[in-house]
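Read the structure below first, then the notes.
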Amino acid sequence: MKNLFDSIIIGIIFFALCSCTSIKWTDPTNSSQVINKTDSQAKTIIKIGGSSSTVTVLKLLAQAYESQNTNVKIEFISNSQSEGAIAALKNDIIDIAGSSHKLKPEEDNGKIQYREIAQDLLVVATNKNVKNVLNLSTEQLKAIYKGDISNWRELGGADANILLLDRPEDESAKILLRKYYLGDDKTTTKAVILNKEGELIETLQSTPNSIGTFSLASSLINKLPVNHLNLNGVAPKAQNFANGKYQMVRHIGILWEKAPSADTQDFIDFIFSSESKKILKNNGFVPTK
């Protein structure tokens, strides 16, 4: 019995020593003993939100920045309208907001600021199955949106009904269409309204006989298999915007707090760098001077 009791005592002492050794090995005060964090845990997170029309620009620049700064991860929250992104910025949900309009007086709380990045030409395009329609006059484009022209045959194309893909009236693309081509005429009730530009682009690609207006740069970057239309004989190209012949262009900018973190400020500096301007120009945007 005594031998059994001694064996139990020795076992308890041995276990306690092992436990103490284990505790000492994981002592967080010894830097050589701390378990390394994963790469994702160690990275600095910069959060960005923006309207669907600004995301293409910001993702393009974010990818370039992350390739040079592997300790930074740039996260994009769900796309919304510019107003939603600005509200998220003011409520400290994101670090940078993308917007297709300048900061409005009613949006300015005195703590945020706006600066334009680039101009993005808008293109009127059709599904690739639409043939023999290469140019539209202002009157023809108006008639399509009003519903007065409803068949591609009326424009020299095939005998097929036109499917108009449109955006809400408060979206930048529709505002610019009205400013330069449509005026105040009502849009046909047969138009399919799509809230996000990405949805319009996807639908146009997959739907025969459709037509819609969206970012030229998005089309070029993604090499979309769609037909770009000239308007009044003018092609949607950067040089035609530079010489004043093509005016339908969207202004894209960012907003951020006047006292951002050092990491956010570093990314903002990159956005307005000469390297960034080259990236934008090479991908169909017109960098702001």
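In the structure tokens, chains take the letters A, B, ... in the order shown, each chain's residues start at 1, and ligands count up from 1 in the order shown.
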
What's around A:Glu275 at 12 Å? Count only C-alpha atoms, leave out sequence neighbours fewer than 5 positions away in its own chain, and write the answer as a ChimeraX atom specification. /A:61,64-65,68,269-270,280-282,287

- Item | Non-local contacts of A:Val133 (9 Å; only C-alpha atoms; under 2 positions in same chain excluded) as an MDAnalysis selection string | chainID A and resid 126 130:131 135:136 152 155:157 227 229

What would the file look like if the residues just selected were written as a PDB file, in the first residue's frame with all heavy atoms?
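Written output follows (result-v9.pdb):
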ATOM      1  N   THR A 126     -24.697  47.961 -77.310  1.00  0.00           N
ATOM      2  CA  THR A 126     -25.731  46.952 -77.558  1.00  0.00           C
ATOM      3  C   THR A 126     -25.154  45.563 -77.366  1.00  0.00           C
ATOM      4  O   THR A 126     -23.932  45.366 -77.365  1.00  0.00           O
ATOM      5  CB  THR A 126     -26.293  47.044 -78.985  1.00  0.00           C
ATOM      6  OG1 THR A 126     -25.253  46.657 -79.923  1.00  0.00           O
ATOM      7  CG2 THR A 126     -26.767  48.448 -79.301  1.00  0.00           C
ATOM      8  N   VAL A 130     -26.660  42.493 -82.092  1.00  0.00           N
ATOM      9  CA  VAL A 130     -27.244  43.594 -82.877  1.00  0.00           C
ATOM     10  C   VAL A 130     -26.278  43.958 -84.005  1.00  0.00           C
ATOM     11  O   VAL A 130     -25.145  44.377 -83.759  1.00  0.00           O
ATOM     12  CB  VAL A 130     -27.513  44.829 -81.983  1.00  0.00           C
ATOM     13  CG1 VAL A 130     -28.046  45.977 -82.825  1.00  0.00           C
ATOM     14  CG2 VAL A 130     -28.497  44.467 -80.872  1.00  0.00           C
ATOM     15  N   LYS A 131     -26.709  43.819 -85.225  1.00  0.00           N
ATOM     16  CA  LYS A 131     -25.844  44.042 -86.391  1.00  0.00           C
ATOM     17  C   LYS A 131     -26.319  45.274 -87.180  1.00  0.00           C
ATOM     18  O   LYS A 131     -27.489  45.634 -87.167  1.00  0.00           O
ATOM     19  CB  LYS A 131     -25.865  42.821 -87.325  1.00  0.00           C
ATOM     20  CG  LYS A 131     -25.526  41.495 -86.634  1.00  0.00           C
ATOM     21  CD  LYS A 131     -24.111  41.477 -86.079  1.00  0.00           C
ATOM     22  CE  LYS A 131     -23.788  40.113 -85.460  1.00  0.00           C
ATOM     23  NZ  LYS A 131     -22.452  40.099 -84.825  1.00  0.00           N
ATOM     24  N   ASN A 135     -24.171  53.729 -85.304  1.00  0.00           N
ATOM     25  CA  ASN A 135     -24.254  55.130 -84.899  1.00  0.00           C
ATOM     26  C   ASN A 135     -25.704  55.506 -84.608  1.00  0.00           C
ATOM     27  O   ASN A 135     -26.630  55.021 -85.265  1.00  0.00           O
ATOM     28  CB  ASN A 135     -23.705  56.026 -86.012  1.00  0.00           C
ATOM     29  CG  ASN A 135     -23.833  57.503 -85.677  1.00  0.00           C
ATOM     30  OD1 ASN A 135     -23.068  58.043 -84.883  1.00  0.00           O
ATOM     31  ND2 ASN A 135     -24.809  58.164 -86.289  1.00  0.00           N
ATOM     32  N   LEU A 136     -25.885  56.356 -83.606  1.00  0.00           N
ATOM     33  CA  LEU A 136     -27.213  56.884 -83.307  1.00  0.00           C
ATOM     34  C   LEU A 136     -27.127  58.398 -83.223  1.00  0.00           C
ATOM     35  O   LEU A 136     -26.191  58.950 -82.636  1.00  0.00           O
ATOM     36  CB  LEU A 136     -27.736  56.335 -81.975  1.00  0.00           C
ATOM     37  CG  LEU A 136     -28.061  54.840 -81.886  1.00  0.00           C
ATOM     38  CD1 LEU A 136     -28.465  54.485 -80.468  1.00  0.00           C
ATOM     39  CD2 LEU A 136     -29.154  54.447 -82.874  1.00  0.00           C
ATOM     40  N   TRP A 152     -35.227  47.177 -84.054  1.00  0.00           N
ATOM     41  CA  TRP A 152     -33.923  47.474 -84.654  1.00  0.00           C
ATOM     42  C   TRP A 152     -34.019  47.686 -86.162  1.00  0.00           C
ATOM     43  O   TRP A 152     -33.169  48.343 -86.767  1.00  0.00           O
ATOM     44  CB  TRP A 152     -32.925  46.364 -84.344  1.00  0.00           C
ATOM     45  CG  TRP A 152     -32.452  46.359 -82.914  1.00  0.00           C
ATOM     46  CD1 TRP A 152     -32.679  45.413 -81.961  1.00  0.00           C
ATOM     47  CD2 TRP A 152     -31.666  47.379 -82.279  1.00  0.00           C
ATOM     48  NE1 TRP A 152     -32.106  45.777 -80.774  1.00  0.00           N
ATOM     49  CE2 TRP A 152     -31.467  46.977 -80.944  1.00  0.00           C
ATOM     50  CE3 TRP A 152     -31.124  48.585 -82.718  1.00  0.00           C
ATOM     51  CZ2 TRP A 152     -30.740  47.734 -80.032  1.00  0.00           C
ATOM     52  CZ3 TRP A 152     -30.396  49.348 -81.815  1.00  0.00           C
ATOM     53  CH2 TRP A 152     -30.208  48.929 -80.494  1.00  0.00           C
ATOM     54  N   LEU A 155     -33.725  51.125 -87.543  1.00  0.00           N
ATOM     55  CA  LEU A 155     -32.397  51.756 -87.517  1.00  0.00           C
ATOM     56  C   LEU A 155     -31.412  51.052 -88.446  1.00  0.00           C
ATOM     57  O   LEU A 155     -30.212  51.303 -88.387  1.00  0.00           O
ATOM     58  CB  LEU A 155     -31.855  51.741 -86.080  1.00  0.00           C
ATOM     59  CG  LEU A 155     -32.696  52.512 -85.058  1.00  0.00           C
ATOM     60  CD1 LEU A 155     -32.240  52.187 -83.635  1.00  0.00           C
ATOM     61  CD2 LEU A 155     -32.600  54.017 -85.315  1.00  0.00           C
ATOM     62  N   GLY A 156     -31.939  50.172 -89.304  1.00  0.00           N
ATOM     63  CA  GLY A 156     -31.084  49.453 -90.248  1.00  0.00           C
ATOM     64  C   GLY A 156     -30.665  48.083 -89.777  1.00  0.00           C
ATOM     65  O   GLY A 156     -29.878  47.403 -90.444  1.00  0.00           O
ATOM     66  N   GLY A 157     -31.166  47.651 -88.622  1.00  0.00           N
ATOM     67  CA  GLY A 157     -30.818  46.340 -88.091  1.00  0.00           C
ATOM     68  C   GLY A 157     -31.830  45.278 -88.454  1.00  0.00           C
ATOM     69  O   GLY A 157     -32.643  45.449 -89.368  1.00  0.00           O
ATOM     70  N   ASN A 227     -21.182  45.860 -78.490  1.00  0.00           N
ATOM     71  CA  ASN A 227     -20.968  46.833 -79.563  1.00  0.00           C
ATOM     72  C   ASN A 227     -21.033  48.252 -79.009  1.00  0.00           C
ATOM     73  O   ASN A 227     -22.057  48.653 -78.463  1.00  0.00           O
ATOM     74  CB  ASN A 227     -22.039  46.673 -80.652  1.00  0.00           C
ATOM     75  CG  ASN A 227     -22.084  45.274 -81.235  1.00  0.00           C
ATOM     76  OD1 ASN A 227     -21.059  44.620 -81.384  1.00  0.00           O
ATOM     77  ND2 ASN A 227     -23.277  44.801 -81.567  1.00  0.00           N
ATOM     78  N   LEU A 229     -21.457  52.137 -79.591  1.00  0.00           N
ATOM     79  CA  LEU A 229     -22.080  52.949 -80.630  1.00  0.00           C
ATOM     80  C   LEU A 229     -21.504  54.359 -80.647  1.00  0.00           C
ATOM     81  O   LEU A 229     -21.213  54.939 -79.596  1.00  0.00           O
ATOM     82  CB  LEU A 229     -23.591  53.036 -80.398  1.00  0.00           C
ATOM     83  CG  LEU A 229     -24.364  51.717 -80.362  1.00  0.00           C
ATOM     84  CD1 LEU A 229     -25.852  51.996 -80.226  1.00  0.00           C
ATOM     85  CD2 LEU A 229     -24.092  50.865 -81.600  1.00  0.00           C
TER      86      LEU A 229
END

TODO: Select from stretch 43-226 of chain A everything DSSP, run on the backbone, classes as strand (DSSP E), then give the selection as a ChimeraX atom specification.
DONE: /A:44-50,72-76,96-99,112-127,135-136,163-166,192-193,210-215,226

Give me the residues of stretch 87-166 of chain A that have any atom at most 7 Å from an atom of stretch 187-207 of chain A; for each, the nearest atom pair and the distance in Å, rounded to one decimal. Use only C-alpha atoms, sort by chain and number, and format it as JSON lines.
{"residue": "A:Thr126", "atom": "CA", "partner": "A:Leu204", "partner_atom": "CA", "distance": 6.9}
{"residue": "A:Asn127", "atom": "CA", "partner": "A:Gln205", "partner_atom": "CA", "distance": 5.6}
{"residue": "A:Tyr145", "atom": "CA", "partner": "A:Thr187", "partner_atom": "CA", "distance": 5.2}
{"residue": "A:Lys146", "atom": "CA", "partner": "A:Thr187", "partner_atom": "CA", "distance": 4.7}
{"residue": "A:Gly147", "atom": "CA", "partner": "A:Thr188", "partner_atom": "CA", "distance": 5.1}
{"residue": "A:Leu163", "atom": "CA", "partner": "A:Ala191", "partner_atom": "CA", "distance": 7.0}
{"residue": "A:Leu164", "atom": "CA", "partner": "A:Ala191", "partner_atom": "CA", "distance": 4.9}
{"residue": "A:Leu165", "atom": "CA", "partner": "A:Val192", "partner_atom": "CA", "distance": 4.9}
{"residue": "A:Asp166", "atom": "CA", "partner": "A:Ile193", "partner_atom": "CA", "distance": 4.8}

Print the selection's residues with N, CA and C atoms to a file, as an mmCIF file, in the first residue's frame.
data_model
loop_
_atom_site.group_PDB
_atom_site.id
_atom_site.type_symbol
_atom_site.label_atom_id
_atom_site.label_comp_id
_atom_site.auth_asym_id
_atom_site.auth_seq_id
_atom_site.Cartn_x
_atom_site.Cartn_y
_atom_site.Cartn_z
ATOM 1 N N THR A 126 -24.697 47.961 -77.310
ATOM 2 C CA THR A 126 -25.731 46.952 -77.558
ATOM 3 C C THR A 126 -25.154 45.563 -77.366
ATOM 4 N N ASN A 127 -26.042 44.612 -77.207
ATOM 5 C CA ASN A 127 -25.639 43.209 -77.200
ATOM 6 C C ASN A 127 -24.950 42.889 -78.526
ATOM 7 N N TYR A 145 -35.378 55.718 -76.077
ATOM 8 C CA TYR A 145 -35.701 55.845 -74.661
ATOM 9 C C TYR A 145 -37.172 56.207 -74.439
ATOM 10 N N LYS A 146 -37.782 56.905 -75.379
ATOM 11 C CA LYS A 146 -39.205 57.238 -75.257
ATOM 12 C C LYS A 146 -40.091 56.057 -75.651
ATOM 13 N N GLY A 147 -39.534 55.142 -76.453
ATOM 14 C CA GLY A 147 -40.316 54.019 -76.940
ATOM 15 C C GLY A 147 -40.894 54.253 -78.312
ATOM 16 N N LEU A 163 -34.742 45.940 -76.574
ATOM 17 C CA LEU A 163 -34.910 45.858 -75.127
ATOM 18 C C LEU A 163 -34.030 46.929 -74.492
ATOM 19 N N LEU A 164 -34.655 47.948 -73.913
ATOM 20 C CA LEU A 164 -33.927 49.055 -73.301
ATOM 21 C C LEU A 164 -33.619 48.741 -71.838
ATOM 22 N N LEU A 165 -32.338 48.760 -71.501
ATOM 23 C CA LEU A 165 -31.881 48.586 -70.121
ATOM 24 C C LEU A 165 -31.531 49.973 -69.583
ATOM 25 N N ASP A 166 -32.134 50.348 -68.485
ATOM 26 C CA ASP A 166 -32.003 51.720 -67.996
ATOM 27 C C ASP A 166 -31.600 51.742 -66.531
#

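Residues within 9 Å of A:Asn129, counting only C-alpha atoms and excluding same-chain residues fewer than 4 positions away, are Pro208, Asn209, Ser210, Val226 and Asn227 of chain A.
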
How would the residues just picked look written out with N, CA and C atoms as an mmCIF file, in the first residue's frame?
data_model
loop_
_atom_site.group_PDB
_atom_site.id
_atom_site.type_symbol
_atom_site.label_atom_id
_atom_site.label_comp_id
_atom_site.auth_asym_id
_atom_site.auth_seq_id
_atom_site.Cartn_x
_atom_site.Cartn_y
_atom_site.Cartn_z
ATOM 1 N N PRO A 208 -30.064 39.177 -75.833
ATOM 2 C CA PRO A 208 -30.070 39.615 -77.232
ATOM 3 C C PRO A 208 -30.945 40.843 -77.445
ATOM 4 N N ASN A 209 -30.525 41.707 -78.383
ATOM 5 C CA ASN A 209 -31.275 42.895 -78.820
ATOM 6 C C ASN A 209 -31.389 43.989 -77.753
ATOM 7 N N SER A 210 -30.539 43.918 -76.718
ATOM 8 C CA SER A 210 -30.607 44.919 -75.652
ATOM 9 C C SER A 210 -29.658 46.083 -75.919
ATOM 10 N N VAL A 226 -19.330 43.473 -76.477
ATOM 11 C CA VAL A 226 -20.519 44.273 -76.789
ATOM 12 C C VAL A 226 -20.169 45.247 -77.906
ATOM 13 N N ASN A 227 -21.182 45.860 -78.490
ATOM 14 C CA ASN A 227 -20.968 46.833 -79.563
ATOM 15 C C ASN A 227 -21.033 48.252 -79.009
#

* Asked: Distance atom CA of A:Asp184-atom CA of A:Ser53, one decimal place?
  ->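 Interatomic distance, atom CA of A:Asp184 to atom CA of A:Ser53: 23.0 Å.
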
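Proximity to A:Leu121 was assessed for A:Gln247, A:Asn283, A:Gln265, A:Ser52 counting only C-alpha atoms; the smallest distance is recorded for A:Gln247.
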
7 Å contact set for stretch 171-183 of chain A, only C-alpha atoms, chain neighbours under 3 positions out, as a PDB file with all heavy atoms, in the first residue's frame:
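Final file, part_38.pdb:
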ATOM      1  N   SER A 100     -19.579  59.645 -57.330  1.00  0.00           N
ATOM      2  CA  SER A 100     -19.688  60.176 -58.696  1.00  0.00           C
ATOM      3  C   SER A 100     -20.207  61.609 -58.677  1.00  0.00           C
ATOM      4  O   SER A 100     -20.596  62.141 -59.703  1.00  0.00           O
ATOM      5  CB  SER A 100     -20.600  59.290 -59.548  1.00  0.00           C
ATOM      6  OG  SER A 100     -21.876  59.145 -58.939  1.00  0.00           O
ATOM      7  N   THR A 138     -28.878  62.026 -81.882  1.00  0.00           N
ATOM      8  CA  THR A 138     -29.572  62.395 -80.648  1.00  0.00           C
ATOM      9  C   THR A 138     -31.050  62.061 -80.751  1.00  0.00           C
ATOM     10  O   THR A 138     -31.653  61.517 -79.812  1.00  0.00           O
ATOM     11  CB  THR A 138     -29.397  63.901 -80.364  1.00  0.00           C
ATOM     12  OG1 THR A 138     -28.009  64.179 -80.126  1.00  0.00           O
ATOM     13  CG2 THR A 138     -30.207  64.329 -79.151  1.00  0.00           C
ATOM     14  N   LYS A 142     -33.102  59.471 -78.366  1.00  0.00           N
ATOM     15  CA  LYS A 142     -34.289  59.943 -77.656  1.00  0.00           C
ATOM     16  C   LYS A 142     -35.488  59.037 -77.945  1.00  0.00           C
ATOM     17  O   LYS A 142     -36.243  58.656 -77.040  1.00  0.00           O
ATOM     18  CB  LYS A 142     -34.637  61.363 -78.104  1.00  0.00           C
ATOM     19  CG  LYS A 142     -33.958  62.470 -77.342  1.00  0.00           C
ATOM     20  CD  LYS A 142     -34.550  63.812 -77.799  1.00  0.00           C
ATOM     21  CE  LYS A 142     -33.968  64.969 -77.030  1.00  0.00           C
ATOM     22  NZ  LYS A 142     -34.612  66.248 -77.405  1.00  0.00           N
ATOM     23  N   ARG A 167     -31.222  52.923 -66.042  1.00  0.00           N
ATOM     24  CA  ARG A 167     -30.851  53.139 -64.641  1.00  0.00           C
ATOM     25  C   ARG A 167     -31.859  54.072 -63.991  1.00  0.00           C
ATOM     26  O   ARG A 167     -32.568  54.817 -64.676  1.00  0.00           O
ATOM     27  CB  ARG A 167     -29.451  53.760 -64.554  1.00  0.00           C
ATOM     28  CG  ARG A 167     -28.332  52.956 -65.213  1.00  0.00           C
ATOM     29  CD  ARG A 167     -28.053  51.633 -64.522  1.00  0.00           C
ATOM     30  NE  ARG A 167     -27.862  51.772 -63.079  1.00  0.00           N
ATOM     31  CZ  ARG A 167     -26.746  52.270 -62.506  1.00  0.00           C
ATOM     32  NH1 ARG A 167     -25.733  52.668 -63.259  1.00  0.00           N
ATOM     33  NH2 ARG A 167     -26.629  52.342 -61.197  1.00  0.00           N
ATOM     34  N   PRO A 168     -31.930  54.077 -62.660  1.00  0.00           N
ATOM     35  CA  PRO A 168     -32.829  55.008 -61.963  1.00  0.00           C
ATOM     36  C   PRO A 168     -32.493  56.460 -62.300  1.00  0.00           C
ATOM     37  O   PRO A 168     -31.360  56.785 -62.655  1.00  0.00           O
ATOM     38  CB  PRO A 168     -32.559  54.703 -60.486  1.00  0.00           C
ATOM     39  CG  PRO A 168     -32.068  53.285 -60.476  1.00  0.00           C
ATOM     40  CD  PRO A 168     -31.262  53.135 -61.729  1.00  0.00           C
ATOM     41  N   THR A 213     -26.478  52.045 -71.299  1.00  0.00           N
ATOM     42  CA  THR A 213     -25.384  53.011 -71.166  1.00  0.00           C
ATOM     43  C   THR A 213     -24.606  52.727 -69.884  1.00  0.00           C
ATOM     44  O   THR A 213     -25.205  52.576 -68.809  1.00  0.00           O
ATOM     45  CB  THR A 213     -25.944  54.448 -71.115  1.00  0.00           C
ATOM     46  OG1 THR A 213     -26.727  54.680 -72.293  1.00  0.00           O
ATOM     47  CG2 THR A 213     -24.825  55.475 -71.042  1.00  0.00           C
ATOM     48  N   PHE A 214     -23.287  52.675 -69.998  1.00  0.00           N
ATOM     49  CA  PHE A 214     -22.457  52.383 -68.835  1.00  0.00           C
ATOM     50  C   PHE A 214     -21.021  52.837 -69.082  1.00  0.00           C
ATOM     51  O   PHE A 214     -20.714  53.455 -70.093  1.00  0.00           O
ATOM     52  CB  PHE A 214     -22.499  50.881 -68.494  1.00  0.00           C
ATOM     53  CG  PHE A 214     -22.060  49.978 -69.603  1.00  0.00           C
ATOM     54  CD1 PHE A 214     -20.738  49.573 -69.715  1.00  0.00           C
ATOM     55  CD2 PHE A 214     -22.972  49.516 -70.541  1.00  0.00           C
ATOM     56  CE1 PHE A 214     -20.324  48.726 -70.731  1.00  0.00           C
ATOM     57  CE2 PHE A 214     -22.572  48.671 -71.565  1.00  0.00           C
ATOM     58  CZ  PHE A 214     -21.239  48.272 -71.665  1.00  0.00           C
ATOM     59  N   MET A 248     -20.236  63.230 -72.847  1.00  0.00           N
ATOM     60  CA  MET A 248     -20.901  62.422 -71.821  1.00  0.00           C
ATOM     61  C   MET A 248     -19.855  61.689 -70.972  1.00  0.00           C
ATOM     62  O   MET A 248     -19.415  60.595 -71.289  1.00  0.00           O
ATOM     63  CB  MET A 248     -21.881  61.425 -72.454  1.00  0.00           C
ATOM     64  CG  MET A 248     -22.762  60.768 -71.411  1.00  0.00           C
ATOM     65  SD  MET A 248     -24.220  59.908 -72.084  1.00  0.00           S
ATOM     66  CE  MET A 248     -23.461  58.679 -73.141  1.00  0.00           C
TER      67      MET A 248
END
